[in-house]
>>> print(open('my_file.txt').read())   # compact mmCIF, C-alpha atoms
# COMPACT_ATOMS: atom_id res chain seq x y z
CA MET K 1 -105.08 24.93 -5.41
CA ALA K 2 -101.37 25.67 -5.47
CA THR K 3 -100.02 27.67 -2.57
CA ALA K 4 -98.03 30.88 -2.90
CA ALA K 5 -94.93 29.05 -1.72
CA GLU K 6 -95.25 26.59 -4.60
CA HIS K 7 -95.17 29.46 -7.09
CA MET K 8 -91.97 30.89 -5.61
CA PRO K 9 -88.73 30.11 -7.45
CA PRO K 10 -86.11 28.39 -5.31
CA ALA K 11 -83.58 30.71 -3.67
CA SER K 12 -80.34 30.70 -5.62
CA ASP K 13 -78.13 29.87 -2.68
CA THR K 14 -75.03 27.76 -2.26
CA PRO K 15 -73.75 25.94 0.81
CA LEU K 16 -71.40 27.58 3.27
CA VAL K 17 -67.94 26.29 2.37
CA ILE K 18 -65.12 26.51 4.91
CA ALA K 19 -61.73 24.93 4.29
CA GLY K 20 -63.17 22.91 1.43
CA LYS K 21 -66.11 21.42 3.38
CA SER K 22 -69.74 22.33 2.73
CA TYR K 23 -72.31 23.08 5.43
CA HIS K 24 -76.06 23.61 5.18
CA SER K 25 -76.38 25.58 8.41
CA ARG K 26 -74.95 29.08 8.54
CA LEU K 27 -75.28 29.22 12.32
CA LEU K 28 -72.24 28.16 14.35
CA VAL K 29 -72.64 27.80 18.10
CA GLY K 30 -70.45 27.56 21.15
CA SER K 31 -70.51 24.82 23.74
CA GLY K 32 -69.79 26.79 26.91
CA LYS K 33 -71.83 28.60 29.59
CA TYR K 34 -74.68 26.07 29.73
CA LYS K 35 -75.85 24.77 33.10
CA ASP K 36 -74.92 21.19 32.21
CA LEU K 37 -74.04 18.91 29.31
CA GLU K 38 -77.66 17.93 28.73
CA GLU K 39 -78.66 21.54 28.14
CA THR K 40 -75.66 21.85 25.84
CA ARG K 41 -76.91 18.88 23.83
CA LEU K 42 -80.50 20.10 23.60
CA ALA K 43 -79.60 23.67 22.63
CA THR K 44 -77.09 22.49 20.05
CA GLU K 45 -79.68 20.23 18.45
CA ALA K 46 -82.30 23.00 18.44
CA SER K 47 -79.88 25.40 16.73
CA GLY K 48 -79.38 23.12 13.74
CA ALA K 49 -75.69 24.05 13.81
CA GLU K 50 -73.13 21.75 12.23
CA ILE K 51 -69.99 23.50 13.51
CA ILE K 52 -69.54 23.68 17.29
CA THR K 53 -66.80 25.71 18.95
CA VAL K 54 -64.88 24.21 21.85
CA ALA K 55 -62.74 26.25 24.24
CA ILE K 56 -59.79 23.89 24.62
CA ARG K 57 -58.48 25.62 27.75
CA ARG K 58 -61.84 25.41 29.52
CA THR K 59 -63.51 22.27 28.20
CA ASN K 60 -62.73 18.62 28.70
CA ILE K 61 -62.57 16.74 25.40
CA GLY K 62 -60.52 13.86 26.72
CA GLN K 63 -57.55 15.51 28.38
CA ASN K 64 -59.16 14.77 31.78
CA PRO K 65 -60.29 11.13 31.49
CA ASP K 66 -61.90 11.07 34.95
CA GLU K 67 -64.31 13.94 34.20
CA PRO K 68 -67.40 14.17 31.94
CA SER K 69 -66.39 14.96 28.38
CA LEU K 70 -68.11 17.32 25.97
CA LEU K 71 -67.65 14.62 23.34
CA ASP K 72 -70.25 12.56 25.20
CA VAL K 73 -72.97 14.92 23.93
CA ILE K 74 -71.29 16.66 20.97
CA SER K 75 -69.98 13.78 18.90
CA PRO K 76 -67.32 14.45 16.25
CA ASP K 77 -69.19 11.92 14.13
CA LYS K 78 -72.18 14.27 13.98
CA TYR K 79 -70.63 17.72 14.25
CA THR K 80 -67.53 19.52 13.04
CA LEU K 81 -65.66 20.58 16.14
CA LEU K 82 -64.02 23.98 16.03
CA PRO K 83 -61.37 24.19 18.77
CA ASN K 84 -60.80 27.79 19.78
CA THR K 85 -58.16 29.69 21.69
CA ALA K 86 -60.55 31.48 24.06
CA GLY K 87 -58.67 32.89 27.03
CA CYS K 88 -55.36 33.26 25.19
CA TYR K 89 -53.60 36.61 25.49
CA THR K 90 -50.31 35.80 23.79
CA VAL K 91 -49.22 34.40 20.46
CA LYS K 92 -47.40 31.57 22.21
CA ASP K 93 -50.46 30.45 24.18
CA ALA K 94 -52.75 30.62 21.15
CA VAL K 95 -50.42 28.59 18.94
CA ARG K 96 -49.80 26.02 21.69
CA THR K 97 -53.55 25.64 22.28
CA CYS K 98 -54.19 24.93 18.60
CA GLN K 99 -51.40 22.38 18.56
CA LEU K 100 -52.88 20.69 21.63
CA ALA K 101 -56.29 20.56 19.97
CA ARG K 102 -54.82 18.94 16.89
CA GLU K 103 -53.18 16.30 19.07
CA LEU K 104 -56.34 15.62 21.10
CA LEU K 105 -58.53 15.41 17.98
CA ASP K 106 -56.31 13.14 15.90
CA GLY K 107 -54.87 15.65 13.45
CA HIS K 108 -57.88 17.99 13.24
CA ASN K 109 -56.67 21.19 11.53
CA LEU K 110 -59.72 23.48 11.62
CA VAL K 111 -59.37 25.98 14.46
CA LYS K 112 -60.76 29.30 15.58
CA LEU K 113 -58.03 31.75 16.51
CA GLU K 114 -58.53 34.56 18.96
CA VAL K 115 -55.78 36.42 20.77
CA LEU K 116 -57.30 38.82 23.29
CA GLY K 117 -55.93 42.20 24.24
CA ASP K 118 -57.24 42.65 27.78
CA GLU K 119 -59.66 41.08 30.24
CA LYS K 120 -62.08 44.01 30.48
CA THR K 121 -63.05 44.51 26.84
CA LEU K 122 -61.96 41.14 25.39
CA PHE K 123 -61.11 43.02 22.22
CA PRO K 124 -58.64 41.22 19.98
CA ASP K 125 -54.95 42.06 20.09
CA VAL K 126 -54.70 42.67 16.36
CA THR K 127 -50.91 42.58 16.01
CA ALA K 128 -50.71 39.35 18.00
CA THR K 129 -53.60 37.89 16.00
CA LEU K 130 -51.80 38.61 12.74
CA GLU K 131 -48.62 36.99 14.02
CA ALA K 132 -50.39 33.90 15.36
CA ALA K 133 -52.44 33.51 12.17
CA GLU K 134 -49.32 33.53 10.03
CA ILE K 135 -47.64 30.89 12.22
CA LEU K 136 -50.68 28.62 12.23
CA VAL K 137 -51.34 28.86 8.49
CA LYS K 138 -47.73 27.95 7.79
CA ASP K 139 -48.12 25.00 10.17
CA GLY K 140 -50.98 23.61 8.11
CA PHE K 141 -53.96 24.80 10.15
CA ASP K 142 -57.22 25.98 8.59
CA VAL K 143 -57.69 29.17 10.57
CA MET K 144 -60.99 30.88 11.23
CA VAL K 145 -59.94 34.11 12.87
CA TYR K 146 -61.69 36.45 15.32
CA THR K 147 -60.82 40.10 14.75
CA ASN K 148 -62.17 43.61 15.11
CA ASP K 149 -64.39 45.21 12.46
CA ASP K 150 -61.51 46.93 10.64
CA PRO K 151 -61.77 46.21 6.89
CA LEU K 152 -58.03 46.60 6.40
CA ILE K 153 -57.14 44.05 9.07
CA ALA K 154 -59.79 41.68 7.78
CA LYS K 155 -58.26 41.82 4.31
CA ARG K 156 -54.78 41.30 5.71
CA LEU K 157 -55.90 38.17 7.55
CA GLU K 158 -57.41 36.85 4.34
CA GLU K 159 -54.15 37.53 2.52
CA LEU K 160 -52.27 35.57 5.18
CA GLY K 161 -54.31 32.52 4.19
CA CYS K 162 -57.05 32.36 6.82
CA ALA K 163 -59.97 30.13 5.85
CA ALA K 164 -62.57 32.57 7.23
CA VAL K 165 -62.54 35.98 8.86
CA MET K 166 -64.80 36.63 11.85
CA PRO K 167 -65.24 40.31 12.76
CA LEU K 168 -66.97 41.19 16.00
CA ALA K 169 -70.35 42.89 15.95
CA ALA K 170 -69.87 44.14 19.53
CA PRO K 171 -67.75 43.06 22.51
CA ILE K 172 -67.81 39.35 23.38
CA GLY K 173 -70.81 38.45 25.53
CA SER K 174 -72.24 41.98 25.45
CA GLY K 175 -75.41 41.24 23.49
CA LEU K 176 -75.29 44.75 22.03
CA GLY K 177 -76.00 43.65 18.48
CA ILE K 178 -74.51 44.95 15.23
CA ARG K 179 -72.94 48.23 16.32
CA ASN K 180 -71.15 49.11 13.06
CA PRO K 181 -72.99 47.56 10.12
CA TYR K 182 -71.17 49.66 7.54
CA ASN K 183 -67.75 48.33 8.52
CA ILE K 184 -69.12 44.79 8.41
CA LEU K 185 -70.59 45.50 4.98
CA THR K 186 -67.27 46.86 3.72
CA ILE K 187 -65.48 43.73 4.94
CA ILE K 188 -68.03 41.53 3.14
CA GLU K 189 -67.78 43.49 -0.12
CA ASN K 190 -64.00 43.12 -0.27
CA ALA K 191 -63.66 39.51 0.86
CA ASN K 192 -62.89 36.34 -1.07
CA VAL K 193 -63.28 34.08 1.96
CA PRO K 194 -66.32 33.52 4.19
CA ILE K 195 -67.13 36.37 6.58
CA LEU K 196 -68.91 35.35 9.77
CA VAL K 197 -69.99 37.72 12.51
CA ASP K 198 -68.52 36.60 15.81
CA ALA K 199 -69.41 38.17 19.17
CA GLY K 200 -72.03 40.68 20.23
CA VAL K 201 -75.25 39.12 18.96
CA GLY K 202 -77.95 39.29 21.65
CA THR K 203 -81.19 38.13 20.12
CA ALA K 204 -82.76 36.83 16.93
CA SER K 205 -83.19 40.23 15.28
CA ASP K 206 -79.44 40.84 15.59
CA ALA K 207 -78.77 37.58 13.77
CA ALA K 208 -81.22 38.49 11.02
CA ILE K 209 -79.58 41.90 10.53
CA ALA K 210 -76.13 40.35 10.20
CA MET K 211 -77.37 37.89 7.60
CA GLU K 212 -79.26 40.58 5.70
CA LEU K 213 -75.96 42.46 5.35
CA GLY K 214 -74.61 39.45 3.45
CA CYS K 215 -72.59 37.69 6.12
CA ASP K 216 -71.86 34.09 5.26
CA GLY K 217 -72.71 32.97 8.77
CA ILE K 218 -72.78 33.83 12.47
CA LEU K 219 -71.07 32.32 15.48
CA MET K 220 -72.66 32.78 18.89
CA ASN K 221 -72.62 31.30 22.36
CA THR K 222 -73.72 33.69 25.11
CA ALA K 223 -76.81 34.87 23.22
CA ILE K 224 -78.15 31.33 23.44
CA ALA K 225 -76.60 30.01 26.65
CA ALA K 226 -77.47 33.10 28.73
CA ALA K 227 -81.09 33.27 27.57
CA GLN K 228 -83.80 32.39 30.09
CA ASN K 229 -84.68 29.44 27.86
CA PRO K 230 -81.53 28.50 25.92
CA VAL K 231 -83.15 25.72 23.91
CA LEU K 232 -85.96 27.99 22.71
CA MET K 233 -83.48 30.77 21.91
CA ALA K 234 -81.37 28.32 19.91
CA SER K 235 -84.44 27.52 17.83
CA ALA K 236 -85.16 31.23 17.37
CA MET K 237 -81.59 31.88 16.22
CA LYS K 238 -81.82 29.07 13.68
CA LYS K 239 -84.92 30.66 12.15
CA ALA K 240 -83.44 34.17 12.26
CA VAL K 241 -80.30 33.13 10.40
CA GLU K 242 -82.39 31.37 7.76
CA ALA K 243 -84.78 34.32 7.38
CA GLY K 244 -81.95 36.84 7.19
CA ARG K 245 -80.21 34.80 4.52
CA GLU K 246 -83.40 34.52 2.46
CA ALA K 247 -83.97 38.27 2.75
CA PHE K 248 -80.42 38.93 1.56
CA LEU K 249 -80.92 36.64 -1.44
CA ALA K 250 -84.32 38.17 -2.20
CA GLY K 251 -82.95 41.72 -2.27
CA ARG K 252 -84.74 44.25 -0.13
CA MET K 253 -86.77 47.10 -1.58
CA PRO K 254 -84.92 50.40 -1.93
CA ARG K 255 -85.19 52.84 0.95
CA LYS K 256 -87.17 55.97 0.10
CA ARG K 257 -87.46 59.25 1.89
CA PHE K 258 -91.16 59.71 1.18
CA ALA K 259 -94.22 57.49 1.05
CA SER K 260 -95.00 55.32 -1.94
CA ALA K 261 -98.56 54.02 -2.42
CA SER K 262 -98.91 50.28 -1.91
CA SER K 263 -101.53 50.08 -4.65
CA PRO K 264 -101.10 51.69 -8.10
CA ILE K 265 -103.17 54.80 -8.76
CA GLU K 266 -103.09 54.64 -12.57
CA GLY K 267 -106.38 53.66 -14.19
CA LEU K 268 -108.64 54.51 -11.25
CA PHE K 269 -112.33 54.67 -12.17
CA PHE K 270 -113.13 57.53 -9.81
>>> encode(input="my_file.txt", output="structure tokens")
Amino acid sequence: MATAAEHMPPASDTPLVIAGKSYHSRLLVGSGKYKDLEETRLATEASGAEIITVAIRRTNIGQNPDEPSLLDVISPDKYTLLPNTAGCYTVKDAVRTCQLARELLDGHNLVKLEVLGDEKTLFPDVTATLEAAEILVKDGFDVMVYTNDDPLIAKRLEELGCAAVMPLAAPIGSGLGIRNPYNILTIIENANVPILVDAGVGTASDAAIAMELGCDGILMNTAIAAAQNPVLMASAMKKAVEAGREAFLAGRMPRKRFASASSPIEGLFF
């Protein structure tokens, strides 16, 4: 007997395309905050992610030849590395960090740009982000950019030529979840480049909500690395992103104020 799943039409989905390259996984993960490189490897594998962020200012990818390298467990042959400018508070530092990454990774142009405003909130410095994005795009970088959840700024970053725009869901590392879904939705509805939630996801339900809104993907690090069992949480996040994407493609039922009977009442015999 055929199963219900066999009767279901295939979801009409397309791969995630960033800077001309296609990816099957819509979950991007960070490589920091794990207890050791082995845990990094195991959690990354469990997540199913294909794009892995690397904080160039905090992670050894060859600049310190006498120390263990992240590349020993996260091979560029298997993953797309996404160097990021975590910890940069000025345009100059962010641009220099991206240039260093390109040199260390043999001409690699895909980068994640973030220019932070202050150490307490880690909110982006929007004016500095705009300036740095323009410089990097003109220099030939494919820029995935971290920003706030302002639809106007998100559109401006797209117009500057960024390859993807990454609005925060909540402050970095807070785990507060999607605090302003309507702003995120507005950004998605007006975008012609991939929109990926970056920062604030705390657990699998947060990831599912972001994907149900129509986000093209999610980037997370702390939500996995700070879990009691990071490898298990990575697996949960993989499933949540997939489920949220399927729910978005399926189209949820309309919300109603009052009850609606699950079974039809027309044609009852009594």
>>> closest_residue(input="my_file.txt", among="K:Ala94, K:Leu105, K:Ile172, K:Val137", to="Lys120 in chain K", atoms="all atoms listed in the file")
K:Ile172
>>> atom_distance(input="my_file.txt", atom1="CA of Ile18 in chain K", atom2="CA of Ala204 in chain K")
23.7 Å
>>> residues_around(input="my_file.txt", residues="Lys35 in chain K", least_positions_apart="6", cutoff="10 Å", atoms="only C-alpha atoms", output="JSON, numbers by chain")
{"K": [225, 226, 230]}
>>> atom_distance(input="my_file.txt", atom1="CA of Ala236 in chain K", atom2="CA of Ser47 in chain K")
7.9 Å
>>> residues_near_point(input="my_file.txt", point="(-75.5, 27.8, -1.8)", cutoff="12 Å", atoms="only C-alpha atoms", output="list in words")
Pro10, Ala11, Ser12, Asp13, Thr14, Pro15, Leu16, Val17, Ser22, Tyr23, His24, Ser25, Arg26, Asp216, Arg245, Glu246 and Leu249 of chain K
>>> atom_distance(input="my_file.txt", atom1="CA of Ala234 in chain K", atom2="CA of Thr44 in chain K")
7.2 Å
>>> residues_around(input="my_file.txt", residues="Thr121 in chain K", least_positions_apart="4", cutoff="9 Å", atoms="all atoms listed in the file", output="list in words")
Leu116, Gly117, Pro171 and Ile172 of chain K
>>> build_atoms(input="my_file.txt", residues="range 147-175 of chain K", atoms="N, CA and C atoms", output="compact mmCIF listing (two decimals), in the coordinates of the input")
# COMPACT_ATOMS: atom_id res chain seq x y z
N THR K 147 -61.52 38.82 14.86
CA THR K 147 -60.82 40.10 14.75
C THR K 147 -61.79 41.24 15.02
N ASN K 148 -61.28 42.46 14.97
CA ASN K 148 -62.17 43.61 15.11
C ASN K 148 -62.86 43.88 13.77
N ASP K 149 -63.63 44.94 13.69
CA ASP K 149 -64.39 45.21 12.46
C ASP K 149 -63.66 46.17 11.53
N ASP K 150 -62.34 46.10 11.51
CA ASP K 150 -61.51 46.93 10.64
C ASP K 150 -61.37 46.24 9.28
N PRO K 151 -61.86 46.84 8.20
CA PRO K 151 -61.77 46.21 6.89
C PRO K 151 -60.35 45.94 6.43
N LEU K 152 -59.41 46.80 6.82
CA LEU K 152 -58.03 46.60 6.40
C LEU K 152 -57.41 45.38 7.06
N ILE K 153 -57.66 45.22 8.36
CA ILE K 153 -57.14 44.05 9.07
C ILE K 153 -57.81 42.77 8.57
N ALA K 154 -59.09 42.85 8.30
CA ALA K 154 -59.79 41.68 7.78
C ALA K 154 -59.18 41.22 6.46
N LYS K 155 -58.87 42.17 5.60
CA LYS K 155 -58.26 41.82 4.31
C LYS K 155 -56.87 41.25 4.51
N ARG K 156 -56.13 41.80 5.44
CA ARG K 156 -54.78 41.30 5.71
C ARG K 156 -54.82 39.86 6.21
N LEU K 157 -55.77 39.54 7.04
CA LEU K 157 -55.90 38.17 7.55
C LEU K 157 -56.26 37.21 6.41
N GLU K 158 -57.11 37.67 5.51
CA GLU K 158 -57.41 36.85 4.34
C GLU K 158 -56.15 36.61 3.51
N GLU K 159 -55.37 37.65 3.32
CA GLU K 159 -54.15 37.53 2.52
C GLU K 159 -53.12 36.59 3.16
N LEU K 160 -53.17 36.49 4.48
CA LEU K 160 -52.27 35.57 5.18
C LEU K 160 -52.66 34.11 4.96
N GLY K 161 -53.87 33.89 4.46
CA GLY K 161 -54.31 32.52 4.19
C GLY K 161 -55.36 31.98 5.13
N CYS K 162 -56.01 32.84 5.92
CA CYS K 162 -57.05 32.36 6.82
C CYS K 162 -58.25 31.83 6.03
N ALA K 163 -58.85 30.79 6.54
CA ALA K 163 -59.97 30.13 5.85
C ALA K 163 -61.26 30.93 5.97
N ALA K 164 -61.39 31.72 7.02
CA ALA K 164 -62.57 32.57 7.23
C ALA K 164 -62.18 33.68 8.18
N VAL K 165 -62.80 34.83 7.99
CA VAL K 165 -62.54 35.98 8.86
C VAL K 165 -63.81 36.28 9.64
N MET K 166 -63.65 36.54 10.94
CA MET K 166 -64.80 36.63 11.85
C MET K 166 -64.77 37.94 12.64
N PRO K 167 -65.24 39.03 12.04
CA PRO K 167 -65.24 40.31 12.76
C PRO K 167 -66.30 40.34 13.84
N LEU K 168 -65.99 41.04 14.92
CA LEU K 168 -66.97 41.19 16.00
C LEU K 168 -68.06 42.17 15.60
N ALA K 169 -69.25 41.95 16.12
CA ALA K 169 -70.35 42.89 15.95
C ALA K 169 -70.40 43.87 17.12
N ALA K 170 -69.95 43.38 18.28
CA ALA K 170 -69.87 44.14 19.53
C ALA K 170 -68.99 43.31 20.46
N PRO K 171 -68.62 43.83 21.62
CA PRO K 171 -67.75 43.06 22.51
C PRO K 171 -68.32 41.68 22.85
N ILE K 172 -67.44 40.73 23.06
CA ILE K 172 -67.81 39.35 23.38
C ILE K 172 -68.77 39.32 24.58
N GLY K 173 -69.88 38.63 24.43
CA GLY K 173 -70.81 38.45 25.53
C GLY K 173 -71.64 39.66 25.89
N SER K 174 -71.53 40.75 25.10
CA SER K 174 -72.24 41.98 25.45
C SER K 174 -73.71 41.96 25.04
N GLY K 175 -74.04 41.25 23.97
CA GLY K 175 -75.41 41.24 23.49
C GLY K 175 -75.88 42.57 22.92
